[in-house]
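Asker: First the structure, which I've put down as structure tokens, then a few questions once you've had a look.
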Amino acid sequence: MTDESWIDQNKIKSYEFLLERLVGGKMAVYIKKFEILQKETANSIMLSDCVPVIMDLITCDLNVDKALRQSLLRSLVQMVVSSENVVQKLSAAWKTDVLLGNLVRVMREHVMTQYKHYQLYTHNVVIVMKCLAQVMKNNKFKENKFIQTTYLVGKDSCTMLDVLLKPMQYLVSMNKMFNDLGCLLLNTEDTNYLGEIKRYLTQVFNKIQSKLDLVSEIIDQIIKQYEGRCNKTKLADEKWKKIKDKLVHIFEITIVAPCSFTFNLYLNYYFPNEEHLNEYLITLII
């Protein structure tokens with residue numbers, strides 16, 4: 001993502017007087033819109049950091065079918081590309097209108113054309129999670145590796161399971177943000193666009209809810225299995241007990257490890273030449 005898409009914090013301060021002049025419910029609308037812009041910016045960085053970690057996992061550590069690897073890569077690459085594109089559009093809109101009058105319209109297009117890739121990712125990652133759980137069950141060394149190794153994703157240090165969950169957590173978070181925005185005082189145009197977004201997200205969650213439930217069950221099994229081993233070997237400690245009830249942050253942070261796959265390496269793995277990659281990107285735009 002280029003520097004042009006970043007938001008100048010000094011510029012934000014220069015507009016504070018405008019926000020202070022807004023009254024009542026309108027200020028809440030603009031604050032919530034800006035939160036959505038910030039969330040999308042963070043998501044773009046998060047996805048870029050997740051991709052090499054996930055590709056390293058399914059290519060080097062797990063015996064994952066090639067077709068699944070390719071499908072997962074395509075959905076991840078598209079999520080990165082689309083997230084960077086929408087951040088650029090939102091940042092450009094913010095520079096021309098600090099009150100983000102067009103934000104809901106831009107987000108409507110993004111949600112209804114690109115969230116299908118998050119949906120596909122959710123379906124694919126369930127298989128990956130099952131495979132990961134089986135490997136951790138049969139191989140204590142790898143179990144410890146996945147639990148005791150963390151990766152820098154955005155500003156967070158994440159375990160492998162955290163990384164796999166990030167795109168799904170984004171979906172849940174954005175659904176809440178749109179619901180919160182819908183409770184505020186919007187103009188007619190925003191209300192109509194937001195109505196389309198919420199109806200589409202309802203369809204998405206209807207399709208993936210069973211997968212999310214299954215992921216939760218797999219994580220619960222992994223936690224119980226690891227806890228059992230900790231209890232047997234007297235390794236359980238206060239840190240582990242504190243994170244038992246945190247679904248988002250499943251395992252304790254220990255070591256930040258570099259990923260063996262770089263962005264170019266995994267692209268070259270599946271797209272051996274530039275023409276192949278360009279052909280795929282064209283299909284995404286159409």
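Going through the structure tokens in order, the chains are called A, B, and so on, while each chain numbers its residues from 1 and the ligands are numbered from 1 in the order shown.
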Considering only C-alpha atoms, return as JSON, numbers by chain whatever protein or nucleic-acid residues lie within 8 Å of stretch 187-194 of chain A, sequence-local ones (same chain, fewer than 5 positions apart) excluded.
Answerer: {"A": [104, 105, 108, 178, 182]}
Asker: Could those residues be written to a file, using N, CA and C atoms, as a PDB file, in the first residue's frame?
Answerer:
ATOM      1  N   VAL A 104     -20.266   5.379   2.946  1.00  0.00           N
ATOM      2  CA  VAL A 104     -21.185   4.239   2.913  1.00  0.00           C
ATOM      3  C   VAL A 104     -21.366   3.742   1.487  1.00  0.00           C
ATOM      4  N   ARG A 105     -21.388   4.664   0.531  1.00  0.00           N
ATOM      5  CA  ARG A 105     -21.509   4.253  -0.873  1.00  0.00           C
ATOM      6  C   ARG A 105     -20.296   3.434  -1.300  1.00  0.00           C
ATOM      7  N   ARG A 108     -20.385   0.061   0.391  1.00  0.00           N
ATOM      8  CA  ARG A 108     -21.414  -0.817  -0.186  1.00  0.00           C
ATOM      9  C   ARG A 108     -20.834  -1.593  -1.364  1.00  0.00           C
ATOM     10  N   PHE A 178     -21.255  -1.787  11.106  1.00  0.00           N
ATOM     11  CA  PHE A 178     -22.374  -1.388  10.254  1.00  0.00           C
ATOM     12  C   PHE A 178     -23.681  -1.361  11.054  1.00  0.00           C
ATOM     13  N   GLY A 182     -25.982   1.896  11.704  1.00  0.00           N
ATOM     14  CA  GLY A 182     -27.406   1.899  11.381  1.00  0.00           C
ATOM     15  C   GLY A 182     -28.280   2.429  12.496  1.00  0.00           C
TER      16      GLY A 182
END
Asker: Give me, as a list in words, all polymer residues having an atom no more than 9 Å from A:Phe34, counting only C-alpha atoms and skipping those fewer than 3 positions away in the same chain.
Answerer: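 So, after excluding close chain neighbours, the residues are Val29, Tyr30, Ile31, Leu37, Gln38, Lys39, Trp94, Leu99, Leu100 and Leu103 of chain A.
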Asker: Using only C-alpha atoms for the distances, tell me which of A:Gln114, A:Ser83, A:Asn124, A:Ser157 is nearest to A:Glu40.
Answerer: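 So, comparing all the options, the nearest one is A:Ser83.
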Asker: Give the strand (DSSP E or B) residues of stretch 41-236 of chain A, as assigned by DSSP on the backbone, as a PyMOL selection string.
Answerer: chain A and resi 149-153+156-158
Asker: Take the residues from that selection and put them in a file with N, CA, C and O atoms, as a PDB file, in the first residue's frame.
Answerer:
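Listing of part09.pdb after writing:
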ATOM      1  N   THR A 149       5.150 -20.070  19.168  1.00  0.00           N
ATOM      2  CA  THR A 149       5.690 -19.172  18.150  1.00  0.00           C
ATOM      3  C   THR A 149       4.636 -18.145  17.767  1.00  0.00           C
ATOM      4  O   THR A 149       3.474 -18.497  17.538  1.00  0.00           O
ATOM      5  N   THR A 150       5.025 -16.885  17.693  1.00  0.00           N
ATOM      6  CA  THR A 150       4.088 -15.847  17.296  1.00  0.00           C
ATOM      7  C   THR A 150       4.633 -15.056  16.117  1.00  0.00           C
ATOM      8  O   THR A 150       5.842 -15.048  15.857  1.00  0.00           O
ATOM      9  N   TYR A 151       3.739 -14.403  15.410  1.00  0.00           N
ATOM     10  CA  TYR A 151       4.067 -13.647  14.212  1.00  0.00           C
ATOM     11  C   TYR A 151       3.545 -12.224  14.365  1.00  0.00           C
ATOM     12  O   TYR A 151       2.471 -12.007  14.928  1.00  0.00           O
ATOM     13  N   LEU A 152       4.303 -11.297  13.851  1.00  0.00           N
ATOM     14  CA  LEU A 152       3.903  -9.900  13.934  1.00  0.00           C
ATOM     15  C   LEU A 152       2.914  -9.603  12.814  1.00  0.00           C
ATOM     16  O   LEU A 152       3.261  -9.610  11.634  1.00  0.00           O
ATOM     17  N   VAL A 153       1.659  -9.366  13.185  1.00  0.00           N
ATOM     18  CA  VAL A 153       0.592  -9.069  12.230  1.00  0.00           C
ATOM     19  C   VAL A 153       0.039  -7.693  12.569  1.00  0.00           C
ATOM     20  O   VAL A 153      -0.625  -7.523  13.600  1.00  0.00           O
ATOM     21  N   ASP A 156       0.053  -6.474  16.254  1.00  0.00           N
ATOM     22  CA  ASP A 156      -0.178  -7.559  17.202  1.00  0.00           C
ATOM     23  C   ASP A 156       0.788  -8.714  16.988  1.00  0.00           C
ATOM     24  O   ASP A 156       1.153  -9.039  15.854  1.00  0.00           O
ATOM     25  N   SER A 157       1.167  -9.358  18.079  1.00  0.00           N
ATOM     26  CA  SER A 157       1.901 -10.612  18.007  1.00  0.00           C
ATOM     27  C   SER A 157       0.887 -11.737  18.109  1.00  0.00           C
ATOM     28  O   SER A 157       0.177 -11.851  19.104  1.00  0.00           O
ATOM     29  N   CYS A 158       0.818 -12.560  17.076  1.00  0.00           N
ATOM     30  CA  CYS A 158      -0.260 -13.550  16.972  1.00  0.00           C
ATOM     31  C   CYS A 158       0.288 -14.962  16.836  1.00  0.00           C
ATOM     32  O   CYS A 158       1.298 -15.188  16.169  1.00  0.00           O
TER      33      CYS A 158
END
